[in-house]
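protein.csv (CSV, C-alpha atoms)
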chain,number,residue,atom,x,y,z
V,9,MET,CA,-34.2,169.6,93.3
V,10,SER,CA,-31.4,167.1,93.1
V,11,PHE,CA,-28.6,169.7,93.5
V,12,LEU,CA,-30.0,170.7,96.9
V,13,LEU,CA,-29.5,167.2,98.3
V,14,PRO,CA,-26.3,166.6,100.3
V,15,ALA,CA,-24.0,164.0,98.9
V,16,SER,CA,-23.9,162.1,102.2
V,17,LEU,CA,-27.7,161.6,102.0
V,18,LEU,CA,-27.5,160.5,98.4
V,19,SER,CA,-24.7,158.0,99.2
V,20,SER,CA,-26.9,156.6,102.1
V,21,LEU,CA,-29.9,156.3,99.7
V,22,ALA,CA,-27.8,154.4,97.2
V,23,ALA,CA,-26.6,152.0,99.9
V,24,SER,CA,-29.8,151.3,101.7
V,25,SER,CA,-32.7,151.7,99.3
V,26,GLU,CA,-32.6,148.5,97.2
V,27,SER,CA,-36.2,147.7,98.0
V,28,ALA,CA,-37.2,151.1,96.7
V,29,LEU,CA,-35.1,150.6,93.6
V,30,ASP,CA,-36.5,147.2,92.9
V,31,ASN,CA,-40.1,148.5,93.1
V,32,GLY,CA,-39.6,151.7,91.0
V,33,TYR,CA,-40.3,154.0,93.9
V,34,LEU,CA,-37.3,156.4,93.7
V,35,PRO,CA,-37.6,159.3,91.2
V,36,ASP,CA,-35.1,159.4,88.3
V,37,PHE,CA,-33.6,162.7,89.4
V,38,LEU,CA,-32.6,161.2,92.7
V,39,VAL,CA,-31.3,158.0,91.3
V,40,ARG,CA,-29.2,159.9,88.6
V,41,ARG,CA,-27.7,162.1,91.2
V,42,ALA,CA,-26.8,159.2,93.4
V,43,ILE,CA,-25.3,157.3,90.5
V,44,ARG,CA,-23.1,160.3,89.5
V,45,TYR,CA,-22.0,160.6,93.1
V,46,LEU,CA,-21.0,157.0,93.4
V,47,CYS,CA,-19.2,157.0,90.0
V,48,GLN,CA,-17.3,160.1,91.1
V,49,GLN,CA,-16.3,158.3,94.3
V,50,ARG,CA,-14.8,155.5,92.1
V,51,LEU,CA,-12.9,158.1,90.0
V,52,ASP,CA,-11.6,159.9,93.1
V,53,GLU,CA,-10.3,156.6,94.5
V,54,ILE,CA,-8.5,155.9,91.2
V,55,SER,CA,-7.0,159.4,90.9
V,56,LYS,CA,-5.6,159.4,94.5
V,57,ALA,CA,-3.0,156.8,93.5
V,58,THR,CA,0.5,158.0,92.5
V,59,LEU,CA,1.6,156.8,89.1
V,60,GLU,CA,4.0,154.4,90.8
V,61,ASP,CA,1.3,152.9,92.8
V,62,ALA,CA,-1.1,152.7,89.8
V,63,VAL,CA,1.5,150.9,87.7
V,64,ASP,CA,2.2,148.4,90.5
V,65,ALA,CA,-1.6,147.8,91.1
V,66,LYS,CA,-2.2,147.2,87.4
V,67,TRP,CA,0.7,144.8,87.1
V,68,ALA,CA,-0.6,142.9,90.2
V,69,TYR,CA,-4.1,142.8,88.7
V,70,ILE,CA,-2.8,141.4,85.4
V,71,GLN,CA,-0.7,138.8,87.1
V,72,GLY,CA,-3.8,137.9,89.2
V,73,LEU,CA,-5.8,137.3,86.0
V,74,LYS,CA,-3.1,135.1,84.5
V,75,ALA,CA,-2.9,133.0,87.7
V,76,ARG,CA,-6.7,132.2,87.7
V,77,GLU,CA,-7.6,128.6,87.0
V,78,ASP,CA,-10.8,129.4,85.0
V,79,ILE,CA,-11.4,131.5,81.9
V,80,ALA,CA,-14.5,132.9,83.5
V,81,ILE,CA,-16.5,132.6,86.8
V,82,GLU,CA,-20.2,132.8,87.6
V,83,THR,CA,-21.3,132.4,84.0
V,84,GLU,CA,-24.7,131.0,85.0
V,85,LYS,CA,-25.4,134.1,87.0
V,86,ALA,CA,-24.8,136.2,83.8
V,87,ASN,CA,-27.5,134.1,82.1
V,88,GLU,CA,-29.9,134.7,84.9
V,89,GLN,CA,-29.2,138.4,85.1
V,90,HIS,CA,-29.1,139.2,81.4
V,91,TYR,CA,-29.5,136.5,78.8
V,92,GLU,CA,-32.4,134.2,79.7
V,93,VAL,CA,-34.9,136.9,80.6
V,94,SER,CA,-37.9,137.2,78.3
V,95,THR,CA,-36.8,137.7,74.7
V,96,GLU,CA,-39.9,139.7,74.0
V,97,PHE,CA,-39.1,142.1,76.8
V,98,ILE,CA,-35.5,142.6,75.6
V,99,GLN,CA,-36.8,143.1,72.1
V,100,SER,CA,-39.1,145.9,73.4
V,101,CYS,CA,-36.2,147.8,74.8
V,102,LEU,CA,-33.6,147.4,72.0
V,103,GLY,CA,-33.6,148.6,68.4
V,104,LYS,CA,-34.6,146.8,65.2
V,105,ASN,CA,-31.4,144.7,65.2
V,106,MET,CA,-31.7,143.8,68.9
V,107,LYS,CA,-28.1,144.9,69.5
V,108,TYR,CA,-27.6,144.6,73.3
V,109,SER,CA,-24.3,146.5,73.3
V,110,CYS,CA,-23.0,150.0,72.6
V,111,CYS,CA,-24.3,151.7,69.4
V,112,LEU,CA,-22.6,154.5,67.4
V,113,TYR,CA,-23.9,158.1,67.3
V,114,PRO,CA,-21.4,160.1,65.3
V,115,THR,CA,-23.6,163.2,65.3
V,116,GLY,CA,-25.6,162.5,68.5
V,117,HIS,CA,-28.8,162.8,66.6
V,118,GLU,CA,-29.1,159.3,65.1
V,119,SER,CA,-32.1,157.1,66.0
V,120,LEU,CA,-31.3,153.9,67.9
V,121,ASP,CA,-32.0,151.9,64.8
V,122,GLU,CA,-29.6,154.0,62.8
V,123,ALA,CA,-26.9,153.8,65.5
V,124,GLU,CA,-27.2,150.0,65.7
V,125,VAL,CA,-26.4,149.7,61.9
V,126,LEU,CA,-23.6,152.3,62.1
V,127,MET,CA,-21.8,150.3,64.8
V,128,LEU,CA,-22.4,147.0,63.0
V,129,GLU,CA,-21.0,148.4,59.8
V,130,SER,CA,-18.0,149.7,61.7
V,131,TYR,CA,-17.2,146.2,62.8
V,132,CYS,CA,-17.1,145.0,59.2
V,133,VAL,CA,-14.6,147.7,58.2
V,134,LYS,CA,-12.4,147.3,61.2
V,135,ALA,CA,-12.3,143.5,61.0
V,136,ARG,CA,-11.8,143.6,57.2
V,137,LEU,CA,-14.6,141.3,56.5
V,138,GLU,CA,-15.3,139.9,53.0
V,139,ASN,CA,-18.0,137.8,51.5
V,140,GLY,CA,-17.2,134.1,51.5
V,141,MET,CA,-15.4,134.1,54.9
V,142,ASP,CA,-16.0,131.6,57.7
V,143,ILE,CA,-17.0,133.9,60.6
V,144,LEU,CA,-17.6,133.0,64.3
V,145,ASP,CA,-19.8,135.4,66.4
V,146,LEU,CA,-18.4,134.5,69.9
V,147,GLY,CA,-20.9,135.5,72.6
V,148,CYS,CA,-23.6,136.3,70.0
V,149,GLY,CA,-26.4,137.6,72.3
V,150,TRP,CA,-29.7,137.8,70.5
V,151,GLY,CA,-28.0,137.6,67.1
V,152,SER,CA,-27.7,141.2,66.1
V,153,LEU,CA,-24.3,140.7,64.4
V,154,THR,CA,-24.9,137.2,63.3
V,155,LEU,CA,-28.1,138.1,61.4
V,156,PHE,CA,-26.6,141.3,60.0
V,157,LEU,CA,-23.6,139.4,58.6
V,158,ALA,CA,-25.7,136.6,57.2
V,159,LYS,CA,-27.5,139.2,55.1
V,160,LYS,CA,-24.6,141.4,54.2
V,161,TYR,CA,-22.3,138.4,53.3
V,162,PRO,CA,-24.6,135.8,51.8
V,163,ASN,CA,-21.7,133.6,50.7
V,164,SER,CA,-20.1,133.6,54.1
V,165,ARG,CA,-20.8,130.9,56.7
V,166,ILE,CA,-21.8,132.5,60.1
V,167,THR,CA,-21.3,130.3,63.2
V,168,SER,CA,-22.6,131.7,66.5
V,169,LEU,CA,-21.8,130.6,70.1
V,170,SER,CA,-24.0,131.7,73.0
V,171,ASN,CA,-24.3,130.3,76.6
V,172,SER,CA,-28.1,130.9,76.5
V,173,ALA,CA,-30.6,128.4,75.0
V,174,THR,CA,-33.3,131.1,74.6
V,175,GLN,CA,-30.9,133.2,72.5
V,176,LYS,CA,-30.3,130.2,70.2
V,177,LEU,CA,-34.0,129.7,69.8
V,178,HIS,CA,-34.5,133.3,68.8
V,179,ILE,CA,-31.6,133.4,66.3
V,180,ASP,CA,-32.7,130.1,64.7
V,181,SER,CA,-36.2,131.4,64.4
V,182,GLN,CA,-35.1,134.7,62.9
V,183,ALA,CA,-32.7,133.0,60.5
V,184,ALA,CA,-35.5,130.7,59.3
V,185,LEU,CA,-37.9,133.6,59.0
V,186,ARG,CA,-35.5,135.6,56.8
V,187,GLY,CA,-34.5,132.6,54.7
V,188,PHE,CA,-30.9,132.5,55.8
V,189,LYS,CA,-29.2,129.2,55.1
V,190,ASN,CA,-25.7,130.4,56.2
V,191,VAL,CA,-26.2,130.5,60.0
V,192,GLU,CA,-25.5,127.8,62.6
V,193,VAL,CA,-25.9,128.5,66.3
V,194,PHE,CA,-24.2,126.5,69.1
V,195,THR,CA,-25.1,126.7,72.8
V,196,GLY,CA,-22.2,126.4,75.2
V,197,ASP,CA,-20.1,128.0,77.9
V,198,VAL,CA,-16.8,129.2,76.4
V,199,LYS,CA,-15.0,127.9,79.5
V,200,VAL,CA,-15.6,124.3,78.4
V,201,PHE,CA,-16.9,124.5,74.9
V,202,ASP,CA,-14.6,123.5,72.1
V,203,PHE,CA,-15.1,122.9,68.3
V,204,LEU,CA,-12.4,120.1,68.7
V,205,GLY,CA,-11.0,120.8,65.2
V,206,THR,CA,-14.4,120.4,63.4
V,207,ARG,CA,-14.2,123.9,62.0
V,208,SER,CA,-12.0,126.9,61.9
V,209,PHE,CA,-12.5,130.6,61.0
V,210,ASP,CA,-11.1,133.4,58.9
V,211,ARG,CA,-12.6,135.9,61.4
V,212,ILE,CA,-13.8,135.7,65.0
V,213,MET,CA,-16.0,138.6,66.3
V,214,SER,CA,-16.7,139.0,70.0
V,215,ILE,CA,-19.0,141.9,71.1
V,216,GLU,CA,-19.1,142.6,74.9
V,217,MET,CA,-18.4,139.1,76.0
V,218,PHE,CA,-14.8,139.5,77.2
V,219,GLU,CA,-16.1,141.6,80.2
V,220,HIS,CA,-17.5,138.3,81.6
V,221,MET,CA,-14.1,136.7,81.4
V,222,LYS,CA,-11.1,136.5,83.7
V,223,ASN,CA,-8.0,134.6,82.5
V,224,TYR,CA,-7.5,136.2,79.0
V,225,GLU,CA,-4.4,134.1,78.5
V,226,PHE,CA,-6.5,130.9,78.5
V,227,LEU,CA,-9.3,132.5,76.5
V,228,LEU,CA,-7.1,133.9,73.7
V,229,ARG,CA,-5.2,130.6,73.6
V,230,LYS,CA,-8.5,128.7,73.0
V,231,VAL,CA,-9.6,131.3,70.4
V,232,ALA,CA,-6.4,131.0,68.5
V,233,THR,CA,-7.0,127.3,68.0
V,234,TRP,CA,-10.3,128.2,66.3
V,235,LEU,CA,-8.7,130.6,63.9
V,236,LYS,CA,-7.3,129.4,60.6
V,237,SER,CA,-3.6,129.8,59.9
V,238,ASN,CA,-2.8,133.1,58.1
V,239,LYS,CA,-1.8,131.1,55.0
V,240,ASP,CA,-5.1,129.3,54.9
V,241,ALA,CA,-7.3,132.3,55.8
V,242,LYS,CA,-9.2,134.2,53.1
V,243,GLY,CA,-7.2,137.3,52.3
V,244,GLY,CA,-4.1,135.9,53.9
V,245,GLU,CA,-4.8,136.9,57.5
V,246,ALA,CA,-6.9,135.3,60.3
V,247,LEU,CA,-8.2,137.9,62.7
V,248,LEU,CA,-10.0,138.3,66.0
V,249,PHE,CA,-12.1,141.5,66.5
V,250,VAL,CA,-13.2,142.4,70.1
V,251,HIS,CA,-15.5,145.1,71.3
V,252,ILE,CA,-15.6,145.8,75.1
V,253,PHE,CA,-16.6,148.5,77.5
V,254,CYS,CA,-13.7,149.6,79.6
V,255,HIS,CA,-12.1,152.3,81.9
V,256,ARG,CA,-9.6,154.5,80.2
V,257,ASP,CA,-6.6,153.3,82.3
V,258,THR,CA,-7.6,151.2,85.4
V,259,PRO,CA,-9.0,147.7,85.4
V,260,TYR,CA,-11.0,146.2,88.3
V,261,HIS,CA,-13.3,143.4,89.3
V,262,PHE,CA,-17.0,143.6,89.9
V,263,GLU,CA,-17.2,142.3,93.4
V,264,GLU,CA,-20.4,141.3,95.2
V,265,ASN,CA,-19.8,143.8,98.0
V,266,ASP,CA,-19.5,146.7,95.4
V,267,GLY,CA,-23.3,147.1,95.7
V,268,TRP,CA,-26.5,146.8,93.7
V,269,MET,CA,-25.0,146.8,90.2
V,270,SER,CA,-22.4,144.1,90.9
V,271,ARG,CA,-24.9,141.9,92.6
V,272,ASN,CA,-27.7,142.2,90.0
V,273,PHE,CA,-26.0,142.6,86.7
V,274,PHE,CA,-22.2,141.9,86.7
V,275,SER,CA,-21.6,139.0,89.1
V,276,GLY,CA,-18.1,137.7,88.4
V,277,GLY,CA,-17.5,140.4,85.8
V,278,THR,CA,-14.5,142.5,84.8
V,279,MET,CA,-14.0,146.2,84.0
V,280,PRO,CA,-11.0,146.1,81.7
V,281,SER,CA,-8.7,149.0,81.2
V,282,PHE,CA,-8.3,150.2,77.6
V,283,ASP,CA,-4.8,148.8,77.4
V,284,LEU,CA,-5.4,145.5,79.2
V,285,PHE,CA,-5.2,143.3,76.2
V,286,SER,CA,-1.8,144.5,75.2
V,287,HIS,CA,-0.6,142.3,78.1
V,288,PHE,CA,-2.1,139.2,76.7
V,289,GLN,CA,-0.4,138.5,73.3
V,290,THR,CA,1.1,135.1,73.8
V,291,SER,CA,-1.2,133.4,71.4
V,292,LEU,CA,-2.4,136.3,69.2
V,293,THR,CA,-0.8,139.6,68.2
V,294,LEU,CA,-2.6,142.9,68.9
V,295,GLU,CA,-2.5,144.8,65.6
V,296,ARG,CA,-4.7,147.8,66.4
V,297,SER,CA,-7.0,149.3,69.0
V,298,TRP,CA,-9.6,152.1,68.9
V,299,TRP,CA,-11.1,154.1,71.7
V,300,LEU,CA,-14.8,155.2,71.5
V,301,ASN,CA,-16.0,158.0,73.7
V,302,GLY,CA,-18.4,156.8,76.4
V,303,ARG,CA,-21.1,159.2,75.3
V,304,HIS,CA,-22.0,156.7,72.6
V,305,TYR,CA,-22.9,154.1,75.2
V,306,GLY,CA,-24.6,156.8,77.4
V,307,LYS,CA,-26.9,157.7,74.4
V,308,THR,CA,-27.5,154.0,73.7
V,309,CYS,CA,-28.7,153.4,77.2
V,310,GLU,CA,-30.9,156.5,77.2
V,311,ASP,CA,-32.6,155.2,74.1
V,312,TRP,CA,-33.1,151.8,75.7
V,313,LEU,CA,-34.7,153.5,78.7
V,314,VAL,CA,-37.1,155.4,76.5
V,315,ARG,CA,-38.2,152.3,74.7
V,316,GLN,CA,-38.6,150.3,78.0
V,317,ASP,CA,-40.8,153.1,79.4
V,318,ALA,CA,-42.9,153.2,76.3
V,319,HIS,CA,-43.7,149.5,76.7
V,320,LYS,CA,-44.2,149.6,80.5
V,321,ALA,CA,-47.9,148.8,80.3
V,322,ASP,CA,-47.1,145.6,78.3
V,323,TRP,CA,-45.5,144.2,81.5
V,324,ILE,CA,-46.4,146.1,84.7
V,325,GLY,CA,-50.0,145.5,85.6
V,326,SER,CA,-50.6,143.3,82.6
V,327,GLY,CA,-50.5,140.0,84.4
V,328,ARG,CA,-47.4,139.1,82.4
V,329,GLU,CA,-44.8,140.1,85.0
V,330,GLY,CA,-43.9,136.4,85.6
V,331,GLU,CA,-42.5,136.2,82.1
V,332,LEU,CA,-39.7,138.6,83.1
V,333,VAL,CA,-38.3,136.0,85.6
V,334,SER,CA,-35.4,134.0,84.2
V,335,GLY,CA,-36.6,130.5,83.2
V,336,LYS,CA,-34.4,128.6,85.7
V,337,LEU,CA,-35.7,130.8,88.6
V,338,ARG,CA,-39.3,130.7,87.4
V,339,ALA,CA,-39.7,126.9,88.0
V,340,ASP,CA,-39.3,127.3,91.8
V,341,LEU,CA,-41.7,130.2,92.3
V,342,SER,CA,-45.5,130.4,93.0
V,343,GLU,CA,-47.6,132.5,90.7
V,344,GLY,CA,-47.7,135.3,93.2
V,345,GLU,CA,-43.9,135.2,93.6
V,346,LYS,CA,-43.4,135.3,89.9
V,347,LYS,CA,-45.4,138.4,89.6
V,348,VAL,CA,-43.4,140.1,92.4
V,349,GLU,CA,-40.1,139.0,91.1
V,350,GLY,CA,-41.0,139.8,87.5
V,351,ALA,CA,-41.9,143.4,88.5
V,352,LYS,CA,-38.5,143.6,90.3
V,353,SER,CA,-36.8,142.5,87.1
V,354,PHE,CA,-38.5,145.2,85.1
V,355,TYR,CA,-37.4,147.9,87.4
V,356,ARG,CA,-34.0,146.5,87.8
V,357,PHE,CA,-33.4,146.7,84.1
V,358,ARG,CA,-34.7,150.2,84.2
V,359,ILE,CA,-32.2,151.2,86.8
V,360,PHE,CA,-29.5,149.3,85.0
V,361,PHE,CA,-30.1,151.3,81.8
V,362,LEU,CA,-30.3,154.6,83.7
V,363,ALA,CA,-27.2,153.8,85.7
V,364,CYS,CA,-25.2,152.9,82.6
V,365,ALA,CA,-26.4,156.1,80.8
V,366,GLU,CA,-25.0,158.2,83.6
V,367,PHE,CA,-21.9,156.1,84.1
V,368,PHE,CA,-20.7,156.3,80.5
V,369,ALA,CA,-21.6,160.0,80.1
V,370,LEU,CA,-19.6,161.0,83.2
V,371,LYS,CA,-16.6,163.3,82.5
V,372,ASP,CA,-18.0,163.9,79.0
V,373,GLY,CA,-17.4,160.3,78.1
V,374,GLU,CA,-13.7,160.3,78.8
V,375,ALA,CA,-13.6,158.1,81.9
V,376,TRP,CA,-15.4,155.0,80.8
V,377,GLY,CA,-15.9,154.1,77.1
V,378,VAL,CA,-15.6,151.4,74.5
V,379,GLY,CA,-12.5,149.7,73.2
V,380,HIS,CA,-12.2,147.9,69.8
V,381,TYR,CA,-9.3,145.6,69.2
V,382,LEU,CA,-7.9,143.7,66.2
V,383,PHE,CA,-5.8,140.6,66.9
V,384,ARG,CA,-3.9,138.6,64.3
V,385,GLN,CA,-3.1,134.9,64.3
V,386,ARG,CA,0.6,134.3,64.9
V,387,ASP,CA,2.4,132.7,61.9
Would you mind writing the file out in C-alpha cells?
Amino acid sequence: MSFLLPASLLSSLAASSESALDNGYLPDFLVRRAIRYLCQQRLDEISKATLEDAVDAKWAYIQGLKAREDIAIETEKANEQHYEVSTEFIQSCLGKNMKYSCCLYPTGHESLDEAEVLMLESYCVKARLENGMDILDLGCGWGSLTLFLAKKYPNSRITSLSNSATQKLHIDSQAALRGFKNVEVFTGDVKVFDFLGTRSFDRIMSIEMFEHMKNYEFLLRKVATWLKSNKDAKGGEALLFVHIFCHRDTPYHFEENDGWMSRNFFSGGTMPSFDLFSHFQTSLTLERSWWLNGRHYGKTCEDWLVRQDAHKADWIGSGREGELVSGKLRADLSEGEKKVEGAKSFYRFRIFFLACAEFFALKDGEAWGVGHYLFRQRD
C-alpha cells in the first residue's frame, strides 16, 4: 500500500519516471502519494523562512515582476500545452459549460455541471454585472463565461479575447448554434493585442489568465485603457474582475527545472500569492478580494479525471490518438509519431488533473486555493 513506501523512493519515482507517467504505467495510488510528498516539500521550504526573510523575498519577487520587459513569456507554449489540443477531447473532460477553471462546490455534493453554474453565477454577483453592459471576457478559454453571459444578459455586448484560434472557432460555432447575436471573439496575444480605442467596456472579466502573466504593472495599465471611465460606465463604475489560483501567502515562478508539471503544463507561468495584486494598483484600485478554499479546485479536478477516464476508449486504442496532438506540432509528425504523442498527451492530462486534485486539497485546502479580485477604474 502507498503508506508503506518510503518517501525517498517516492521522490525518486517522481523525478525519474516521466516515461512511465507519459504512458500511463504508474498506478494512481503511487502517483498521488508522490504528488503529496512533493507538495509537502514545497510547503516545508516555504515554512522554513523567518517572517523577515519571507517579507524580503516577496518584496524582491514583486520588484522582479515590475522590472520585466514583457507582460508575459512563453505564451505559445501555453497554447501547445492547454489551449490548442482537441476541442472534442477537452469537451469530454469538462462539464456542460466547458469551464476549464475552478468550479464551486458549497456542499461538496454538487455535480460538475451544477458547480460550473454556481461559480459562473458568483462572478455575476461579485462583478456587479447588469444587462446592457459592454463586457470583455479576457482570456476566454472555450467560452464558458462568454456564452453564459450572452444568454443571461441578452442586451449586453460580450467581447472575448483568446490567444487560441481553435477556441475562437468553438465559441463562434456555439454562439451561432444558440442564436446569440451579442458575441464577438478576437484572437490575439494580450502582450501585443490592443483594441486601439475602437471599443471600451463597463466590465472586464478574466478567469485564470493572470497566472500566465508576469509584469502585472504593464498588464493592468493596458486593461485600464480598455475600461470606460467611471462617469461613462453603466452604473457609474468601470470594474475589472479577476479569478486566479494562488498560494495563500508566497508567490513563485514555474521554472523548467521544477519538474514534470512546469515543463508540460505551466511553462513561463506564475503562482501568485493571494495578496500579490495589492502591490499593483497604479492604474486600477483594488476594491475587494475573496479567498476560496482549495477543496473547490480539488473537487473540480477529481470530476474532470472521472470524465476523462469515462471517455478513454474514445481516444486510446481508437485510432484517434493523433487528434490529441496540438495542431502546430502535428504538422511535423508522421502518423506513427502522432499516435505515440497523442497517447502521451492523454496520459499527461490525466496526471495533470490528478496532480491538481491532490495539490489543491492538501492541508484541507488552506495552502493553495482561488482568489477573486475586484478592481475599479481610477477617476
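With only C-alpha atoms as the atoms that count, the residue of V:Ile179, V:Met127, V:Val231, V:Ala365 with the shortest distance to Leu300 in chain V is V:Met127.
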Per residue of range 54-118 of chain V within 9 Å of range 301-309 of chain V, note the shortest atom pair and the distance in Å to one decimal, counting all atoms listed in the file, and order the rows by chain and increasing residue number, as JSON lines.
{"residue": "V:Ser109", "atom": "CA", "partner": "V:Tyr305", "partner_atom": "CA", "distance": 8.0}
{"residue": "V:Cys110", "atom": "CA", "partner": "V:Tyr305", "partner_atom": "CA", "distance": 4.9}
{"residue": "V:Cys111", "atom": "CA", "partner": "V:Thr308", "partner_atom": "CA", "distance": 5.8}
{"residue": "V:Leu112", "atom": "CA", "partner": "V:His304", "partner_atom": "CA", "distance": 5.7}
{"residue": "V:Tyr113", "atom": "CA", "partner": "V:His304", "partner_atom": "CA", "distance": 5.8}
{"residue": "V:Pro114", "atom": "CA", "partner": "V:His304", "partner_atom": "CA", "distance": 8.1}
{"residue": "V:Gly116", "atom": "CA", "partner": "V:Lys307", "partner_atom": "CA", "distance": 7.7}
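If all atoms listed in the file are the atoms counted, then among V:His255, V:Ser170, V:Phe201, V:Ser164 the closest residue to Phe188 in chain V is V:Ser164.
The neighbours of Arg165 in chain V here are the residues that come within 7 Å of it, using all atoms listed in the file and leaving out any residue fewer than 5 positions away in the same chain; they are Met141, Asp142, Ile143, Asn190 and Val191 of chain V.
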Please save C-alpha atoms of the selected residues as a tab-separated table (two decimals), in the frame of the given file.
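result-v6.tsv written:
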chain	number	residue	atom	x	y	z
V	141	MET	CA	-15.40	134.10	54.90
V	142	ASP	CA	-16.00	131.60	57.70
V	143	ILE	CA	-17.00	133.90	60.60
V	190	ASN	CA	-25.70	130.40	56.20
V	191	VAL	CA	-26.20	130.50	60.00
Compute the distance from (-40.3, 147.1, 77.6) to each atom, counting all atoms listed in the file, keep the residues with any atom at most 10 Å away, and return them as a short mmCIF file (atom, residue, chain, number, x, y, z; two decimals) with C-alpha atoms, in the frame of the given file; use the coordinates of the file.
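Below is the file that was written, part-v2.cif:
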data_model
loop_
_atom_site.label_atom_id
_atom_site.label_comp_id
_atom_site.auth_asym_id
_atom_site.auth_seq_id
_atom_site.Cartn_x
_atom_site.Cartn_y
_atom_site.Cartn_z
CA GLU V 96 -39.90 139.70 74.00
CA PHE V 97 -39.10 142.10 76.80
CA ILE V 98 -35.50 142.60 75.60
CA GLN V 99 -36.80 143.10 72.10
CA SER V 100 -39.10 145.90 73.40
CA CYS V 101 -36.20 147.80 74.80
CA LEU V 102 -33.60 147.40 72.00
CA TRP V 312 -33.10 151.80 75.70
CA LEU V 313 -34.70 153.50 78.70
CA VAL V 314 -37.10 155.40 76.50
CA ARG V 315 -38.20 152.30 74.70
CA GLN V 316 -38.60 150.30 78.00
CA ASP V 317 -40.80 153.10 79.40
CA ALA V 318 -42.90 153.20 76.30
CA HIS V 319 -43.70 149.50 76.70
CA LYS V 320 -44.20 149.60 80.50
CA ALA V 321 -47.90 148.80 80.30
CA ASP V 322 -47.10 145.60 78.30
CA TRP V 323 -45.50 144.20 81.50
CA ILE V 324 -46.40 146.10 84.70
CA PHE V 354 -38.50 145.20 85.10
CA PHE V 357 -33.40 146.70 84.10
CA ARG V 358 -34.70 150.20 84.20
#
Subject >> Shell around range 329-339 of chain V at 8 Å using only C-alpha atoms, local window under 4 positions removed, as a list of chain:residue names >> reply: V:Glu88, V:Gln89, V:Glu92, V:Val93, V:Ser94, V:Phe97, V:Trp323, V:Ile324, V:Gly325, V:Glu343, V:Lys346, V:Lys347, V:Val348, V:Glu349, V:Gly350, V:Ala351, V:Ser353, V:Phe354
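Considering the residues V:His178, V:Lys134, V:Lys222, V:Lys66 and counting all atoms listed in the file, Met106 in chain V has its shortest atom-to-atom contact with V:His178.
Take the candidates V:Leu144, V:Ala183, V:Ala363, V:Leu73 and check each one against Leu248 in chain V using all atoms listed in the file; the shortest distance goes to V:Leu144.
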